[in-house]
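The file model.csv contains CSV, C-alpha atoms:
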chain,number,residue,atom,x,y,z
A,173,MET,CA,91.9,88.5,132.7
A,174,THR,CA,88.4,87.0,133.0
A,175,ARG,CA,87.5,84.0,135.1
A,176,GLU,CA,86.9,82.1,131.9
A,177,ASN,CA,90.4,82.7,130.6
A,178,HIS,CA,92.2,82.3,134.0
A,179,PRO,CA,94.4,79.2,133.8
A,180,THR,CA,93.5,77.9,137.3
A,181,HIS,CA,90.3,79.5,138.6
A,182,GLY,CA,87.9,77.6,136.4
A,183,ALA,CA,89.5,74.3,137.1
A,184,HIS,CA,89.3,74.9,140.8
A,185,GLU,CA,85.5,75.7,140.5
A,186,ALA,CA,85.0,72.4,138.7
A,187,ALA,CA,86.8,70.5,141.3
A,188,GLN,CA,84.8,72.2,144.1
A,189,ALA,CA,81.6,71.3,142.3
A,190,GLY,CA,82.6,67.6,142.0
A,191,ASP,CA,82.6,67.5,138.2
A,192,ALA,CA,84.4,64.5,136.8
A,193,PRO,CA,87.2,65.1,134.3
A,194,GLY,CA,85.8,65.1,130.9
A,195,SER,CA,82.3,66.2,131.9
A,196,ARG,CA,80.8,69.2,130.1
A,197,THR,CA,81.1,71.5,133.1
A,198,ALA,CA,84.8,70.5,133.6
A,199,GLU,CA,85.5,71.1,129.9
A,200,ARG,CA,83.9,74.5,130.0
A,201,ALA,CA,85.7,75.4,133.2
A,202,ALA,CA,89.2,74.3,132.2
A,203,PRO,CA,90.4,76.4,129.3
A,204,THR,CA,92.9,75.0,126.8
A,205,ALA,CA,96.5,76.3,126.6
A,206,GLU,CA,95.6,78.0,123.4
A,207,ARG,CA,92.9,80.0,125.0
A,208,VAL,CA,95.1,81.1,127.8
A,209,ALA,CA,98.1,82.0,125.6
A,210,ARG,CA,96.0,84.4,123.4
A,211,THR,CA,94.8,86.6,126.3
A,212,ALA,CA,97.7,89.0,125.8
A,213,GLY,CA,100.7,89.3,123.5
A,214,THR,CA,102.2,91.8,121.1
A,215,ALA,CA,99.9,94.5,119.7
A,216,LEU,CA,100.5,97.2,117.0
A,217,VAL,CA,98.4,100.3,117.1
A,218,THR,CA,98.5,102.7,114.2
A,219,GLY,CA,97.6,106.4,114.9
A,220,ALA,CA,98.8,105.8,118.4
A,221,GLY,CA,100.0,109.3,119.0
A,222,SER,CA,96.5,110.8,119.9
A,223,GLY,CA,92.8,110.2,120.3
A,224,ILE,CA,91.4,106.7,120.0
A,225,GLY,CA,94.8,105.2,119.1
A,226,ARG,CA,96.4,106.6,122.2
A,227,ALA,CA,93.5,105.5,124.5
A,228,VAL,CA,93.6,101.9,123.0
A,229,ALA,CA,97.4,101.7,123.3
A,230,LEU,CA,97.3,102.7,126.9
A,231,THR,CA,94.5,100.3,127.8
A,232,LEU,CA,96.3,97.4,126.1
A,233,ALA,CA,99.6,98.3,127.8
A,234,ASP,CA,97.8,98.5,131.2
A,235,ALA,CA,96.4,95.0,130.5
A,236,GLY,CA,99.8,93.5,130.0
A,237,TRP,CA,100.2,93.7,126.2
A,238,THR,CA,103.5,94.7,124.6
A,239,VAL,CA,102.4,97.6,122.4
A,240,VAL,CA,104.2,98.9,119.3
A,241,LEU,CA,103.1,102.5,118.8
A,242,ALA,CA,103.0,103.6,115.2
A,243,GLY,CA,102.2,107.1,113.7
A,244,ARG,CA,103.7,109.9,111.7
A,245,ARG,CA,105.0,112.0,114.6
A,246,ARG,CA,107.7,110.6,116.9
A,247,ALA,CA,107.0,113.3,119.6
A,248,SER,CA,103.4,112.3,119.9
A,249,LEU,CA,104.2,108.6,120.1
A,250,GLU,CA,106.8,109.3,122.8
A,251,GLN,CA,104.1,111.1,124.8
A,252,THR,CA,101.9,108.1,124.6
A,253,ALA,CA,104.8,105.9,125.7
A,254,GLN,CA,105.4,108.2,128.7
A,255,LEU,CA,101.7,108.0,129.7
A,256,ALA,CA,102.0,104.2,129.7
A,257,GLY,CA,104.1,104.6,132.8
A,258,GLY,CA,106.9,102.1,132.2
A,259,ALA,CA,104.7,99.5,130.4
A,260,ALA,CA,106.3,97.6,127.5
A,261,THR,CA,105.9,99.9,124.5
A,262,ARG,CA,108.1,100.8,121.5
A,263,CYS,CA,107.7,103.8,119.2
A,264,VAL,CA,108.0,103.4,115.4
A,265,PRO,CA,107.3,106.5,113.3
A,266,ALA,CA,105.7,105.4,110.1
A,267,ASP,CA,103.5,106.8,107.3
A,268,VAL,CA,100.8,104.2,106.6
A,269,THR,CA,100.2,105.6,103.1
A,270,ASP,CA,103.8,104.6,102.1
A,271,PRO,CA,104.2,100.9,101.2
A,272,ALA,CA,107.9,100.9,102.0
A,273,ALA,CA,107.3,102.5,105.4
A,274,VAL,CA,104.6,99.9,106.2
A,275,THR,CA,106.9,97.1,105.2
A,276,ALA,CA,109.7,98.4,107.4
A,277,LEU,CA,107.2,98.8,110.3
A,278,PHE,CA,106.1,95.2,110.3
A,279,ASP,CA,109.7,94.0,109.6
A,280,SER,CA,110.7,95.8,112.8
A,281,VAL,CA,108.0,93.9,114.7
A,282,ARG,CA,109.2,90.6,113.4
A,283,GLU,CA,112.8,91.5,114.3
A,284,HIS,CA,112.2,93.1,117.8
A,285,GLU,CA,109.0,91.4,119.2
A,286,GLY,CA,109.2,88.2,117.3
A,287,ARG,CA,105.5,87.9,116.5
A,288,LEU,CA,102.3,90.0,116.2
A,289,ASP,CA,99.1,89.0,118.0
A,290,LEU,CA,97.0,92.1,117.3
A,291,LEU,CA,96.8,94.9,114.9
A,292,PHE,CA,94.5,97.8,115.8
A,293,ASN,CA,94.1,99.4,112.3
A,294,ASN,CA,93.2,102.8,113.5
A,295,ALA,CA,95.0,105.6,111.6
A,296,GLY,CA,92.5,107.8,109.8
A,297,THR,CA,91.5,111.3,108.9
A,298,PHE,CA,88.2,113.2,108.4
A,299,GLY,CA,89.3,115.5,105.6
A,300,PRO,CA,87.6,118.9,105.1
A,301,ALA,CA,83.8,119.1,105.8
A,302,VAL,CA,82.8,120.8,102.7
A,303,PRO,CA,79.9,120.5,100.2
A,304,LEU,CA,80.4,117.8,97.6
A,305,ALA,CA,80.8,120.3,94.8
A,306,ASP,CA,83.6,122.0,96.6
A,307,LEU,CA,85.7,118.9,97.5
A,308,SER,CA,89.0,118.9,95.5
A,309,PHE,CA,90.4,115.7,94.1
A,310,GLU,CA,93.5,116.3,96.2
A,311,ASP,CA,91.5,116.3,99.4
A,312,TRP,CA,89.5,113.3,98.3
A,313,ARG,CA,92.7,111.4,97.5
A,314,ALA,CA,94.3,112.4,100.8
A,315,VAL,CA,91.5,110.8,102.8
A,316,VAL,CA,91.4,107.7,100.7
A,317,ASP,CA,95.2,107.3,101.0
A,318,VAL,CA,95.1,107.2,104.8
A,319,ASN,CA,91.7,105.6,105.6
A,320,LEU,CA,91.7,102.9,102.8
A,321,HIS,CA,95.1,102.5,101.3
A,322,GLY,CA,96.8,102.7,104.7
A,323,ALA,CA,94.4,100.3,106.3
A,324,PHE,CA,94.9,97.8,103.5
A,325,LEU,CA,98.7,98.0,103.6
A,326,CYS,CA,98.8,97.5,107.3
A,327,ALA,CA,96.2,94.7,107.2
A,328,GLN,CA,98.1,92.9,104.4
A,329,ALA,CA,101.4,93.2,106.2
A,330,ALA,CA,99.9,91.9,109.5
A,331,PHE,CA,98.2,89.1,107.7
A,332,ARG,CA,101.4,87.9,106.1
A,333,LEU,CA,103.2,88.0,109.5
A,334,MET,CA,100.4,86.3,111.4
A,335,LYS,CA,99.9,83.4,109.0
A,336,ASP,CA,103.6,82.5,108.9
A,337,GLN,CA,104.5,82.9,112.6
A,338,GLN,CA,104.5,80.0,115.1
A,339,PRO,CA,102.1,79.5,116.7
A,340,ARG,CA,100.3,81.0,113.8
A,341,GLY,CA,97.4,83.4,113.7
A,342,GLY,CA,96.3,86.7,115.3
A,343,ARG,CA,93.6,89.3,115.2
A,344,ILE,CA,93.0,92.4,113.2
A,345,ILE,CA,90.6,95.0,114.5
A,346,ASN,CA,89.7,97.8,112.0
A,347,ASN,CA,88.5,101.2,113.2
A,348,GLY,CA,85.3,101.8,111.2
A,349,SER,CA,82.8,104.5,112.0
A,350,ILE,CA,79.0,105.0,112.3
A,351,SER,CA,79.5,106.7,108.9
A,352,ALA,CA,79.7,103.1,107.6
A,353,HIS,CA,76.0,103.0,108.4
A,354,THR,CA,74.7,106.6,108.5
A,355,PRO,CA,76.7,109.5,106.9
A,356,ARG,CA,76.9,113.1,108.0
A,357,PRO,CA,76.4,116.0,105.5
A,358,GLY,CA,79.6,117.0,103.8
A,359,SER,CA,81.5,113.8,104.6
A,360,ILE,CA,81.6,111.9,101.2
A,361,ALA,CA,85.3,111.0,101.3
A,362,TYR,CA,85.4,109.9,104.9
A,363,THR,CA,82.1,108.0,104.6
A,364,ALA,CA,83.1,106.2,101.4
A,365,THR,CA,86.3,105.0,103.0
A,366,LYS,CA,84.5,103.7,106.1
A,367,HIS,CA,82.0,101.8,103.9
A,368,ALA,CA,85.1,100.4,102.2
A,369,MET,CA,86.6,99.5,105.6
A,370,THR,CA,83.5,97.2,106.2
A,371,GLY,CA,84.3,95.4,102.9
A,372,LEU,CA,87.9,95.1,104.0
A,373,THR,CA,86.9,93.6,107.3
A,374,LYS,CA,84.6,91.0,105.8
A,375,SER,CA,87.2,89.9,103.2
A,376,LEU,CA,89.9,89.7,105.8
A,377,SER,CA,87.7,87.6,108.0
A,378,LEU,CA,87.0,85.2,105.1
A,379,ASP,CA,90.6,85.0,103.8
A,380,GLY,CA,91.9,84.6,107.4
A,381,ARG,CA,89.9,81.5,108.3
A,382,ALA,CA,92.5,79.1,106.8
A,383,HIS,CA,95.3,80.8,108.7
A,384,ASP,CA,93.8,81.5,112.2
A,385,VAL,CA,93.6,85.2,111.5
A,386,ALA,CA,90.5,86.7,112.9
A,387,CYS,CA,89.2,90.2,111.9
A,388,GLY,CA,86.6,92.4,113.4
A,389,GLN,CA,85.5,96.1,113.2
A,390,ILE,CA,84.6,98.7,115.8
A,391,ASP,CA,82.3,101.5,114.6
A,392,ILE,CA,82.7,104.5,116.8
A,393,GLY,CA,80.3,107.5,117.3
A,394,ASN,CA,81.4,110.7,118.9
A,395,ALA,CA,84.3,109.7,121.1
A,396,ALA,CA,85.8,112.8,122.7
A,397,THR,CA,89.1,113.4,121.0
A,398,GLU,CA,91.0,116.2,119.3
A,399,MET,CA,89.3,115.3,116.0
A,400,THR,CA,85.8,115.7,117.5
A,401,ALA,CA,86.4,118.8,119.6
A,402,ALA,CA,84.2,120.9,117.3
A,403,MET,CA,81.1,118.8,118.2
A,404,SER,CA,80.5,120.9,121.4
A,405,GLN,CA,80.3,124.0,119.3
A,406,GLY,CA,77.8,122.5,116.8
A,407,VAL,CA,78.1,120.3,113.7
A,408,PRO,CA,76.0,120.1,110.5
A,409,GLN,CA,72.8,118.0,110.8
A,410,ALA,CA,70.8,116.3,108.1
A,411,ASP,CA,68.1,119.0,108.3
A,412,GLY,CA,70.6,121.7,107.4
A,413,ASN,CA,71.0,123.1,110.9
A,414,ARG,CA,74.0,123.0,113.2
A,415,ALA,CA,73.8,121.6,116.7
A,416,PRO,CA,76.1,120.5,119.4
A,417,GLU,CA,76.3,116.8,119.9
A,418,PRO,CA,77.0,114.6,123.0
A,419,THR,CA,80.3,112.8,123.2
A,420,MET,CA,81.7,109.9,125.2
A,421,ASN,CA,85.1,109.2,126.8
A,422,ALA,CA,87.6,107.5,124.4
A,423,ASP,CA,88.4,105.1,127.3
A,424,ASP,CA,85.0,103.5,126.8
A,425,VAL,CA,86.0,102.7,123.2
A,426,ALA,CA,89.4,101.4,124.4
A,427,ARG,CA,87.8,98.9,126.8
A,428,THR,CA,85.7,97.5,124.0
A,429,VAL,CA,88.7,97.0,121.9
A,430,LEU,CA,90.5,95.3,124.8
A,431,HIS,CA,87.5,92.9,125.1
A,432,MET,CA,87.6,92.1,121.4
A,433,ALA,CA,91.4,91.6,121.5
A,434,SER,CA,91.2,89.3,124.6
A,435,LEU,CA,88.9,86.7,123.1
A,436,PRO,CA,90.5,83.4,122.0
A,437,LEU,CA,90.9,83.0,118.3
A,438,GLU,CA,88.0,80.7,118.0
A,439,ALA,CA,85.7,83.6,119.0
A,440,ASN,CA,85.4,86.9,117.2
A,441,VAL,CA,83.4,90.1,117.6
A,442,GLN,CA,82.7,90.7,113.9
A,443,PHE,CA,81.2,94.2,114.3
A,444,ALA,CA,80.7,96.3,117.4
A,445,THR,CA,79.2,99.8,117.6
A,446,VAL,CA,80.1,102.1,120.5
A,447,LEU,CA,78.6,105.5,120.5
A,448,ALA,CA,77.5,108.4,122.8
A,449,THR,CA,74.1,107.3,124.0
A,450,LYS,CA,72.3,110.6,123.2
A,451,MET,CA,74.0,111.5,119.9
A,452,PRO,CA,71.6,111.9,116.9
A,453,TYR,CA,72.0,108.5,115.2
A,454,ILE,CA,69.1,106.2,115.9
A,455,GLY,CA,65.8,107.3,114.5
A,456,ARG,CA,65.3,111.0,114.2
A,457,GLY,CA,67.9,111.7,116.9
Kindly transcribe the structure held in the file into structure tokens.
Amino acid sequence: MTRENHPTHGAHEAAQAGDAPGSRTAERAAPTAERVARTAGTALVTGAGSGIGRAVALTLADAGWTVVLAGRRRASLEQTAQLAGGAATRCVPADVTDPAAVTALFDSVREHEGRLDLLFNNAGTFGPAVPLADLSFEDWRAVVDVNLHGAFLCAQAAFRLMKDQQPRGGRIINNGSISAHTPRPGSIAYTATKHAMTGLTKSLSLDGRAHDVACGQIDIGNAATEMTAAMSQGVPQADGNRAPEPTMNADDVARTVLHMASLPLEANVQFATVLATKMPYIGRG
């Protein structure tokens, strides 16, 4: 918890400085109850069984959040829960591409946790890295189903829950990608869905204003996970060559998500980009 959001620290500083109640300094130093209450709560993380999802879930749990772990494989979710070391977590196996499964997932949050303060909309897949001419419709559809349809279904269910709960509101953080800005060769399905994720984020932000539902997006480049293990061996570059690329620790991403999640609802990180410093992204690489 930061000094700004601490319920007593800022007020003590104001008193020490001799600021009169109602002064600008005192108002800035003494947070409202709403700001304090939103610093932690119940979070749902999709794709929580590995990679970025696991790192974010563990970081949130360590910061005092109650974390609902969602994903296809119960065994992987239970491993994440074990790594949380006794923190408040609950495993709910769910396929985000199945509307009925998503409805059941969020109904269980309403029933067991009573409310939802944060959705980290993270579940995703790369799909095969093949030339455009060789990509089958089935492979295209599989990526779209998870990355776009799944993200929409979870965001819609979270939105419905957040706007009706008391106190109302919450935050949705979508996992985008630097592919939403600069694609890789042979990534048309993944890149198209991540561009769509940006549109989803903007529309959610707009539609959420009236209901105190904030939405932001984190675009990630080369976090070291199971999905990016091949980068150390070499990945296709825009000039047709293959080259290894630097990666960063997934915990660095997780800390950024925690910061976004910890803001009061009157503040929002709309878009954040976190990437390995030396990866070929800016300029000519």
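Residue nearest Pro355 (chain A) within the list A:Pro408, A:Met334, A:Asn440, A:His383: A:Pro408 [criterion: smallest interatomic distance, only C-alpha atoms].
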TODO: Do a neighbour search on Glu285 (chain A) at 8 Å with all atoms listed in the file, toss out local chain neighbours closer than 4 positions, and write the hits as a PyMOL selection string.
DONE: chain A and resi 214+280-281
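The spacing separating CA of Asn347 (chain A) from CA of Thr373 (chain A) amounts to 9.8 Å.
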Open item on the list: Using Å and a single decimal, report how far CA of Ile390 (chain A) sits from CA of Pro357 (chain A).
Closed with: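 Separation between CA of Pro357 (chain A) and CA of Ile390 (chain A): 21.7 Å.
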- [ ] For region 430-433 of chain A, list every protein, DNA or RNA residue within 8 Å, evaluated using only C-alpha atoms, and leave out those in the same chain fewer than 4 positions away; present the list as a PyMOL selection string.
- [x] chain A and resi 211+228+231-232+290+343+345+426+440-441
Task: Pick from A:Gln389, A:Thr275, A:Pro452, A:Asn394, whichever lies nearest to Asp411 (chain A) using only C-alpha atoms - done: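 Looking only at the distances to Asp411 (chain A), the closest residue turns out to be A:Pro452.
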Open item on the list: At a cut-off of 7 Å around the point (98.1, 106.1, 118.5) (file coordinates), what residues fall inside when counting all atoms listed in the file? I'd like the answer as an MDAnalysis selection string.
Closed with: chainID A and resid 217:226 229 241:243 249
Open item on the list: Between CA of Arg262 (chain A) and CA of Ile344 (chain A), what distance in Å does the model show, to one decimal?
Closed with: 19.2 Å
- [ ] Kindly indicate which residue among A:Gln254, A:Asn346, A:Asp384, A:Asp306 lies nearest to Asn293 (chain A), using only C-alpha atoms for the distances.
- [x]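 With only C-alpha atoms as the atom set, the closest residue is A:Asn346.
Distances from A:Ala323, A:Ala330, A:Val315, A:Ala402 to Thr370 (chain A) were compared using all atoms listed in the file, and the smallest one belongs to A:Ala323.
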TODO: Would you mind listing what lies within 12 Å of Gly412 (chain A) as JSON, numbers by chain, with only C-alpha atoms counted and same-chain residues fewer than 4 positions away left out?
DONE: {"A": [303, 356, 357, 358, 406, 407, 408]}
Task: Nearest to Arg244 (chain A) by atom-to-atom distance, counting all atoms listed in the file, from A:Ala266, A:Val385, A:Ile350, A:Ala301 - done: A:Ala266
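Using all atoms listed in the file for every distance, the candidate list A:Arg414, A:Ala396, A:Gly388, A:Ala295 yields A:Ala396 as the residue closest to Leu447 (chain A).
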Task: Surrounding residues of Gly286 (chain A) excluding itself and chain neighbours under 3 positions, 12 Å, only C-alpha atoms, as a list in words - done: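 Skipping anything fewer than 3 positions along the chain leaves Gly213, Thr214, Ala215, Thr238, Val240, Phe278, Asp279, Ser280, Val281, Arg282, Glu283, Asp289, Leu333, Met334, Asp336, Gln337, Gln338, Pro339 and Arg340 of chain A.
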Go ahead and save the picked residues with C-alpha atoms, as a tab-separated table (two decimals), in the coordinates of the input.
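Listed below is the output, out_8.tsv:
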chain	number	residue	atom	x	y	z
A	213	GLY	CA	100.70	89.30	123.50
A	214	THR	CA	102.20	91.80	121.10
A	215	ALA	CA	99.90	94.50	119.70
A	238	THR	CA	103.50	94.70	124.60
A	240	VAL	CA	104.20	98.90	119.30
A	278	PHE	CA	106.10	95.20	110.30
A	279	ASP	CA	109.70	94.00	109.60
A	280	SER	CA	110.70	95.80	112.80
A	281	VAL	CA	108.00	93.90	114.70
A	282	ARG	CA	109.20	90.60	113.40
A	283	GLU	CA	112.80	91.50	114.30
A	289	ASP	CA	99.10	89.00	118.00
A	333	LEU	CA	103.20	88.00	109.50
A	334	MET	CA	100.40	86.30	111.40
A	336	ASP	CA	103.60	82.50	108.90
A	337	GLN	CA	104.50	82.90	112.60
A	338	GLN	CA	104.50	80.00	115.10
A	339	PRO	CA	102.10	79.50	116.70
A	340	ARG	CA	100.30	81.00	113.80
